[in-house]
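Q: File work.cif follows (mmCIF, C-alpha atoms; chains and numbers go by the auth columns):
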```
data_coords
#
loop_
_atom_site.group_PDB
_atom_site.id
_atom_site.type_symbol
_atom_site.label_atom_id
_atom_site.label_comp_id
_atom_site.label_asym_id
_atom_site.label_seq_id
_atom_site.Cartn_x
_atom_site.Cartn_y
_atom_site.Cartn_z
_atom_site.B_iso_or_equiv
_atom_site.auth_seq_id
_atom_site.auth_asym_id
ATOM 1 C CA MET A 1 4.723 -7.572 -7.659 0.00 21 A
ATOM 2 C CA ASN A 2 7.242 -9.225 -10.002 0.00 22 A
ATOM 3 C CA LYS A 3 10.970 -8.808 -9.319 0.00 23 A
ATOM 4 C CA ARG A 4 13.941 -9.499 -11.601 0.00 24 A
ATOM 5 C CA ASN A 5 17.093 -10.367 -9.725 0.00 25 A
ATOM 6 C CA ALA A 6 20.308 -8.665 -10.706 0.00 26 A
ATOM 7 C CA LEU A 7 23.459 -10.696 -11.299 0.00 27 A
ATOM 8 C CA LYS A 8 24.942 -12.028 -8.068 0.00 28 A
ATOM 9 C CA SER A 9 28.067 -9.957 -8.485 0.00 29 A
ATOM 10 C CA ILE A 10 26.089 -6.736 -8.282 0.00 30 A
ATOM 11 C CA ALA A 11 23.111 -7.902 -6.228 0.00 31 A
ATOM 12 C CA ALA A 12 24.290 -5.964 -3.193 0.00 32 A
ATOM 13 C CA CYS A 13 24.322 -2.715 -5.133 0.00 33 A
ATOM 14 C CA VAL A 14 21.423 -2.827 -7.603 0.00 34 A
ATOM 15 C CA LEU A 15 17.790 -3.915 -7.220 0.00 35 A
ATOM 16 C CA LEU A 16 15.490 -4.215 -10.244 0.00 36 A
ATOM 17 C CA VAL A 17 11.781 -4.216 -9.383 0.00 37 A
ATOM 18 C CA GLY A 18 8.584 -4.907 -11.308 0.00 38 A
ATOM 19 C CA GLY A 19 9.968 -4.569 -14.814 0.00 39 A
ATOM 20 C CA ALA A 20 9.924 -0.777 -14.500 0.00 40 A
ATOM 21 C CA GLY A 21 13.675 -0.563 -14.336 0.00 41 A
ATOM 22 C CA SER A 22 13.751 1.084 -10.936 0.00 42 A
ATOM 23 C CA ILE A 23 17.397 1.089 -9.887 0.00 43 A
ATOM 24 C CA THR A 24 18.683 1.802 -6.416 0.00 44 A
ATOM 25 C CA ALA A 25 22.428 2.338 -6.412 0.00 45 A
ATOM 26 C CA CYS A 26 24.645 1.098 -3.621 0.00 46 A
ATOM 27 C CA SER A 27 26.067 4.090 -1.798 0.00 47 A
ATOM 28 C CA PRO A 28 27.605 4.660 1.633 0.00 48 A
ATOM 29 C CA ASN A 29 24.878 7.163 2.489 0.00 49 A
ATOM 30 C CA ALA A 30 21.920 5.191 1.121 0.00 50 A
ATOM 31 C CA PRO A 31 19.482 4.084 3.826 0.00 51 A
ATOM 32 C CA LYS A 32 19.166 0.354 4.417 0.00 52 A
ATOM 33 C CA PHE A 33 15.568 -0.804 4.353 0.00 53 A
ATOM 34 C CA THR A 34 13.917 -4.129 5.153 0.00 54 A
ATOM 35 C CA ALA A 35 11.284 -3.364 2.522 0.00 55 A
ATOM 36 C CA ILE A 36 12.030 -3.340 -1.215 0.00 56 A
ATOM 37 C CA ASP A 37 13.487 0.056 -2.107 0.00 57 A
ATOM 38 C CA ILE A 38 11.721 1.287 -5.251 0.00 58 A
ATOM 39 C CA THR A 39 12.804 4.911 -5.021 0.00 59 A
ATOM 40 C CA GLY A 40 12.609 6.475 -8.484 0.00 60 A
ATOM 41 C CA ALA A 41 10.122 3.945 -9.864 0.00 61 A
ATOM 42 C CA ASP A 42 8.205 5.304 -12.841 0.00 62 A
ATOM 43 C CA TYR A 43 4.784 4.002 -11.785 0.00 63 A
ATOM 44 C CA ALA A 44 2.225 4.352 -8.965 0.00 64 A
ATOM 45 C CA LYS A 45 2.925 8.079 -8.858 0.00 65 A
ATOM 46 C CA ASP A 46 -0.538 9.289 -7.882 0.00 66 A
ATOM 47 C CA PHE A 47 -4.237 8.537 -7.841 0.00 67 A
ATOM 48 C CA ALA A 48 -7.549 10.383 -7.896 0.00 68 A
ATOM 49 C CA LEU A 49 -10.126 8.399 -5.943 0.00 69 A
ATOM 50 C CA THR A 50 -13.069 8.948 -3.627 0.00 70 A
ATOM 51 C CA ASP A 51 -12.682 7.902 0.018 0.00 71 A
ATOM 52 C CA HIS A 52 -15.337 6.210 2.142 0.00 72 A
ATOM 53 C CA ASN A 53 -16.577 9.635 3.280 0.00 73 A
ATOM 54 C CA GLY A 54 -17.255 10.721 -0.292 0.00 74 A
ATOM 55 C CA GLN A 55 -14.264 13.077 -0.456 0.00 75 A
ATOM 56 C CA SER A 56 -11.977 13.164 -3.501 0.00 76 A
ATOM 57 C CA ARG A 57 -8.397 12.254 -2.628 0.00 77 A
ATOM 58 C CA THR A 58 -4.952 12.448 -4.214 0.00 78 A
ATOM 59 C CA LEU A 59 -1.489 12.049 -2.723 0.00 79 A
ATOM 60 C CA LYS A 60 -1.238 15.824 -2.282 0.00 80 A
ATOM 61 C CA ASP A 61 -3.867 15.606 0.452 0.00 81 A
ATOM 62 C CA PHE A 62 -1.365 13.783 2.630 0.00 82 A
ATOM 63 C CA HIS A 63 1.681 15.991 2.124 0.00 83 A
ATOM 64 C CA GLY A 64 3.894 15.887 5.204 0.00 84 A
ATOM 65 C CA LYS A 65 2.831 12.335 6.057 0.00 85 A
ATOM 66 C CA ILE A 66 4.119 8.884 5.253 0.00 86 A
ATOM 67 C CA VAL A 67 1.464 7.043 3.241 0.00 87 A
ATOM 68 C CA MET A 68 1.031 3.265 3.391 0.00 88 A
ATOM 69 C CA MET A 69 -1.289 2.027 0.651 0.00 89 A
ATOM 70 C CA PHE A 70 -2.729 -1.499 0.615 0.00 90 A
ATOM 71 C CA PHE A 71 -5.027 -3.093 -1.980 0.00 91 A
ATOM 72 C CA GLY A 72 -7.576 -5.561 -0.611 0.00 92 A
ATOM 73 C CA PHE A 73 -11.238 -6.323 0.092 0.00 93 A
ATOM 74 C CA THR A 74 -13.354 -6.471 3.236 0.00 94 A
ATOM 75 C CA GLN A 75 -14.396 -10.112 2.890 0.00 95 A
ATOM 76 C CA CYS A 76 -10.786 -11.274 2.724 0.00 96 A
ATOM 77 C CA PRO A 77 -10.434 -13.897 5.487 0.00 97 A
ATOM 78 C CA ASP A 78 -6.828 -13.387 6.551 0.00 98 A
ATOM 79 C CA VAL A 79 -4.298 -11.394 4.501 0.00 99 A
ATOM 80 C CA CYS A 80 -6.235 -8.109 4.428 0.00 100 A
ATOM 81 C CA PRO A 81 -7.275 -7.887 8.097 0.00 101 A
ATOM 82 C CA THR A 82 -3.818 -9.037 9.170 0.00 102 A
ATOM 83 C CA SER A 83 -2.186 -6.356 7.009 0.00 103 A
ATOM 84 C CA MET A 84 -4.429 -3.636 8.414 0.00 104 A
ATOM 85 C CA VAL A 85 -3.868 -4.752 12.013 0.00 105 A
ATOM 86 C CA GLU A 86 -0.127 -4.606 11.371 0.00 106 A
ATOM 87 C CA MET A 87 -0.464 -1.148 9.805 0.00 107 A
ATOM 88 C CA ALA A 88 -2.172 0.025 12.995 0.00 108 A
ATOM 89 C CA GLN A 89 0.629 -1.564 15.027 0.00 109 A
ATOM 90 C CA ILE A 90 3.216 0.264 12.928 0.00 110 A
ATOM 91 C CA LYS A 91 1.472 3.541 13.701 0.00 111 A
ATOM 92 C CA GLN A 92 1.636 2.759 17.423 0.00 112 A
ATOM 93 C CA LEU A 93 5.298 1.760 17.181 0.00 113 A
ATOM 94 C CA LEU A 94 6.101 5.167 15.700 0.00 114 A
ATOM 95 C CA GLY A 95 5.059 6.750 18.993 0.00 115 A
ATOM 96 C CA LYS A 96 4.765 10.530 18.755 0.00 116 A
ATOM 97 C CA ASP A 97 5.357 10.271 15.002 0.00 117 A
ATOM 98 C CA GLY A 98 2.373 7.957 14.585 0.00 118 A
ATOM 99 C CA ASP A 99 0.196 10.874 13.516 0.00 119 A
ATOM 100 C CA ARG A 100 2.516 11.292 10.531 0.00 120 A
ATOM 101 C CA LEU A 101 1.417 7.946 9.084 0.00 121 A
ATOM 102 C CA GLN A 102 -1.650 7.824 6.835 0.00 122 A
ATOM 103 C CA GLY A 103 -3.027 4.360 6.170 0.00 123 A
ATOM 104 C CA LEU A 104 -4.947 3.850 2.923 0.00 124 A
ATOM 105 C CA PHE A 105 -6.964 0.784 1.917 0.00 125 A
ATOM 106 C CA VAL A 106 -7.961 0.539 -1.760 0.00 126 A
ATOM 107 C CA THR A 107 -10.770 -1.910 -2.353 0.00 127 A
ATOM 108 C CA ILE A 108 -10.382 -4.297 -5.267 0.00 128 A
ATOM 109 C CA ASP A 109 -13.999 -5.358 -4.755 0.00 129 A
ATOM 110 C CA PRO A 110 -16.108 -2.227 -5.323 0.00 130 A
ATOM 111 C CA GLU A 111 -19.020 -4.467 -6.288 0.00 131 A
ATOM 112 C CA ARG A 112 -19.505 -5.502 -2.648 0.00 132 A
ATOM 113 C CA ASP A 113 -17.438 -2.985 -0.655 0.00 133 A
ATOM 114 C CA THR A 114 -19.779 -0.046 -0.146 0.00 134 A
ATOM 115 C CA PRO A 115 -18.515 3.194 1.404 0.00 135 A
ATOM 116 C CA GLU A 116 -20.541 2.449 4.546 0.00 136 A
ATOM 117 C CA MET A 117 -19.014 -0.999 4.875 0.00 137 A
ATOM 118 C CA LEU A 118 -15.524 0.354 4.281 0.00 138 A
ATOM 119 C CA LYS A 119 -15.956 3.077 6.895 0.00 139 A
ATOM 120 C CA GLU A 120 -16.892 0.468 9.475 0.00 140 A
ATOM 121 C CA TYR A 121 -14.003 -1.735 8.326 0.00 141 A
ATOM 122 C CA MET A 122 -11.467 1.083 8.744 0.00 142 A
ATOM 123 C CA SER A 123 -12.779 1.999 12.199 0.00 143 A
ATOM 124 C CA ALA A 124 -12.013 -1.543 13.331 0.00 144 A
ATOM 125 C CA PHE A 125 -8.307 -0.878 12.776 0.00 145 A
ATOM 126 C CA ASP A 126 -7.737 2.870 13.153 0.00 146 A
ATOM 127 C CA PRO A 127 -10.271 5.685 12.768 0.00 147 A
ATOM 128 C CA THR A 128 -7.752 7.809 10.863 0.00 148 A
ATOM 129 C CA PHE A 129 -7.244 5.200 8.143 0.00 149 A
ATOM 130 C CA LEU A 130 -9.124 5.830 4.917 0.00 150 A
ATOM 131 C CA ALA A 131 -10.582 3.442 2.369 0.00 151 A
ATOM 132 C CA LEU A 132 -10.508 4.483 -1.282 0.00 152 A
ATOM 133 C CA VAL A 133 -13.326 3.319 -3.542 0.00 153 A
ATOM 134 C CA PRO A 134 -12.586 3.102 -7.270 0.00 154 A
ATOM 135 C CA THR A 135 -15.236 2.321 -9.825 0.00 155 A
ATOM 136 C CA GLN A 136 -14.714 -0.920 -11.739 0.00 156 A
ATOM 137 C CA GLU A 137 -13.357 1.130 -14.643 0.00 157 A
ATOM 138 C CA GLN A 138 -10.994 3.090 -12.406 0.00 158 A
ATOM 139 C CA LEU A 139 -9.786 -0.121 -10.788 0.00 159 A
ATOM 140 C CA VAL A 140 -8.658 -1.585 -14.102 0.00 160 A
ATOM 141 C CA VAL A 141 -6.549 1.494 -14.864 0.00 161 A
ATOM 142 C CA LEU A 142 -5.301 1.827 -11.284 0.00 162 A
ATOM 143 C CA ALA A 143 -4.197 -1.807 -11.036 0.00 163 A
ATOM 144 C CA LYS A 144 -2.225 -1.481 -14.259 0.00 164 A
ATOM 145 C CA ASP A 145 -0.579 1.755 -13.135 0.00 165 A
ATOM 146 C CA PHE A 146 0.267 0.361 -9.692 0.00 166 A
ATOM 147 C CA LYS A 147 1.308 -3.063 -11.025 0.00 167 A
ATOM 148 C CA VAL A 148 -1.202 -4.712 -8.715 0.00 168 A
ATOM 149 C CA TYR A 149 -2.651 -8.119 -9.530 0.00 169 A
ATOM 150 C CA TYR A 150 -6.257 -8.977 -8.716 0.00 170 A
ATOM 151 C CA LYS A 151 -8.645 -11.631 -9.988 0.00 171 A
ATOM 152 C CA LYS A 152 -12.172 -12.612 -9.089 0.00 172 A
ATOM 153 C CA VAL A 153 -12.476 -16.268 -8.079 0.00 173 A
ATOM 154 C CA ASP A 154 -15.978 -17.682 -8.352 0.00 174 A
ATOM 155 C CA GLY A 155 -17.614 -19.249 -5.302 0.00 175 A
ATOM 156 C CA PRO A 156 -20.611 -21.563 -4.899 0.00 176 A
ATOM 157 C CA THR A 157 -23.005 -18.613 -5.346 0.00 177 A
ATOM 158 C CA PRO A 158 -22.757 -15.387 -7.403 0.00 178 A
ATOM 159 C CA THR A 159 -22.095 -13.280 -4.279 0.00 179 A
ATOM 160 C CA SER A 160 -19.762 -15.658 -2.437 0.00 180 A
ATOM 161 C CA TYR A 161 -16.766 -15.148 -4.704 0.00 181 A
ATOM 162 C CA THR A 162 -13.334 -14.294 -3.370 0.00 182 A
ATOM 163 C CA MET A 163 -10.448 -12.263 -4.773 0.00 183 A
ATOM 164 C CA ASP A 164 -6.847 -13.203 -5.444 0.00 184 A
ATOM 165 C CA HIS A 165 -4.588 -10.172 -5.169 0.00 185 A
ATOM 166 C CA THR A 166 -1.157 -8.743 -4.548 0.00 186 A
ATOM 167 C CA ALA A 167 -0.271 -8.782 -0.848 0.00 187 A
ATOM 168 C CA GLY A 168 1.932 -5.909 0.214 0.00 188 A
ATOM 169 C CA SER A 169 1.884 -2.157 0.705 0.00 189 A
ATOM 170 C CA TYR A 170 3.301 0.805 -1.160 0.00 190 A
ATOM 171 C CA VAL A 171 5.015 3.423 0.994 0.00 191 A
ATOM 172 C CA TYR A 172 5.287 7.086 0.004 0.00 192 A
ATOM 173 C CA ASP A 173 7.500 9.580 1.801 0.00 193 A
ATOM 174 C CA THR A 174 6.344 12.913 3.228 0.00 194 A
ATOM 175 C CA ASN A 175 6.768 14.561 -0.189 0.00 195 A
ATOM 176 C CA GLY A 176 4.533 12.040 -1.932 0.00 196 A
ATOM 177 C CA ARG A 177 7.379 10.137 -3.598 0.00 197 A
ATOM 178 C CA LEU A 178 7.089 6.371 -3.966 0.00 198 A
ATOM 179 C CA ARG A 179 9.854 4.813 -1.876 0.00 199 A
ATOM 180 C CA LEU A 180 9.133 1.269 -0.678 0.00 200 A
ATOM 181 C CA PHE A 181 7.136 -1.888 -1.231 0.00 201 A
ATOM 182 C CA THR A 182 6.603 -3.835 1.976 0.00 202 A
ATOM 183 C CA ARG A 183 6.077 -7.572 1.643 0.00 203 A
ATOM 184 C CA TYR A 184 3.173 -9.290 3.376 0.00 204 A
ATOM 185 C CA GLY A 185 4.389 -10.923 6.576 0.00 205 A
ATOM 186 C CA THR A 186 7.125 -8.398 7.374 0.00 206 A
ATOM 187 C CA LYS A 187 7.270 -7.788 11.120 0.00 207 A
ATOM 188 C CA PRO A 188 5.706 -4.428 12.063 0.00 208 A
ATOM 189 C CA GLU A 189 8.840 -3.520 14.038 0.00 209 A
ATOM 190 C CA LEU A 190 10.948 -3.763 10.880 0.00 210 A
ATOM 191 C CA THR A 191 8.554 -1.682 8.796 0.00 211 A
ATOM 192 C CA ALA A 192 8.334 0.920 11.568 0.00 212 A
ATOM 193 C CA ALA A 193 12.129 1.166 11.491 0.00 213 A
ATOM 194 C CA ASP A 194 11.990 1.760 7.727 0.00 214 A
ATOM 195 C CA LEU A 195 9.428 4.513 8.178 0.00 215 A
ATOM 196 C CA ARG A 196 11.515 6.198 10.854 0.00 216 A
ATOM 197 C CA GLN A 197 14.284 6.523 8.285 0.00 217 A
ATOM 198 C CA LEU A 198 11.884 8.142 5.828 0.00 218 A
ATOM 199 C CA LEU A 199 10.826 10.614 8.516 0.00 219 A
ATOM 200 C CA LEU A 200 14.378 11.827 8.996 0.00 220 A
ATOM 201 C CA PRO A 201 15.001 15.325 7.555 0.00 221 A
ATOM 202 C CA ALA A 202 17.472 13.998 4.975 0.00 222 A
ATOM 203 C CA ALA A 203 15.135 11.274 3.686 0.00 223 A
#
```
As a first step, turn the structure in this file into C-alpha cells.
A:
Amino acid sequence: MNKRNALKSIAACVLLVGGAGSITACSPNAPKFTAIDITGADYAKDFALTDHNGQSRTLKDFHGKIVMMFFGFTQCPDVCPTSMVEMAQIKQLLGKDGDRLQGLFVTIDPERDTPEMLKEYMSAFDPTFLALVPTQEQLVVLAKDFKVYYKKVDGPTPTSYTMDHTAGSYVYDTNGRLRLFTRYGTKPELTAADLRQLLLPAA
C-alpha cells in the first residue's frame, strides 16, 4: 500500500493513505492505533466472493465481528504463514472476545490454490478462518479496488512460480466499515490492542 506523508507540521494530526485521500483528523477523543488508521477510506468497501466451502460471502455475513483480511497464497514460504499464525495469536490474545474476530485469507493464486487446499491451509491456523477464492477475472478487479499489489514471478518450471504481493491486513469494524491497515511484522499484542479499541461500544 502506498502512503503519502503529510507535511511535518501537521503530521501528528493528518494521515494520507494510498492516494485515496483518506484523512484522519487529530482529535482528543480519537483512538490511537498502532496500525494505519484509514477510517473513511473510499475503497475496499465490500466484496462478493466464494469461500473454500463453496458459500458466497460478503462483509454483511460477518456483521458484529471484527474482520481481518489478508491477501496471499498457500505456497508462500514465509510472509503468508507468518501472518496467519499471528492472526490466530491475535484471536487468542483477545480472550473471551476472540470469537468476535473473523480471519479471512484471499488467495492471489487461484490457479494453484484449490478450495480443498485452502480449507486444509486454514485449518492449520484456526478452523474458523475462511479462505476466499476469486476467479482470475475477479482478482484483477478486487486487487484494484483494494489497492493490493500482486505479480506472478516465473520459476524454473511453469508450476514453480511464486507471487510478489502486498503484505498487510485490512481491518473492518463490527459494522463492516474499513478502519485499519496493519503492517506486516507488527507484534500481535499491538494489533490485539487496536482491535480491543474497535470492540468498544463507542468505536
Q: Would you mind telling me which residue in A:Thr134, A:Thr148, A:Thr78, A:Thr206 lies nearest to Gly118 in chain A when using all atoms listed in the file?
A: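 Looking at the shortest contact to Gly118 in chain A, the residue is A:Thr148.
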Q: Check which residues satisfy the PyMOL selection byres ((chain A and resi 203) around 10) in the file shown, then give them as a list in words.
A: Met21, Thr54, Ala55, Ile56, Ser103, Thr186, Ala187, Gly188, Ser189, Tyr190, Leu200, Phe201, Thr202, Tyr204, Gly205, Thr206, Lys207 and Thr211 of chain A
Q: Separation of CA of Phe149 in chain A and CA of Lys52 in chain A, in Å?
A: 27.1 Å
Q: Let me have the centre and edge lengths in Å, one decimal, of the box along x, y and z around every listed atom of range 182-186 of chain A with 6 Å of margin on each side, as lines of an AutoDock Vina configuration file.
A:
```
center_x = -7.2
center_y = -11.5
center_z = -4.4
size_x = 24.2
size_y = 17.6
size_z = 14.1
```
Q: Using all atoms listed in the file, which protein or nucleic acid residues come within 7 Å of range 121-133 of chain A? Drop anything in the same chain fewer than 4 positions from it, and give the result as an MDAnalysis selection string.
A: chainID A and resid 85:94 111 137:138 149:156 159
Q: Give me, please, the distance in Å between CA of Asp184 in chain A and CA of Phe82 in chain A, quoted to one decimal.
A: 28.7 Å
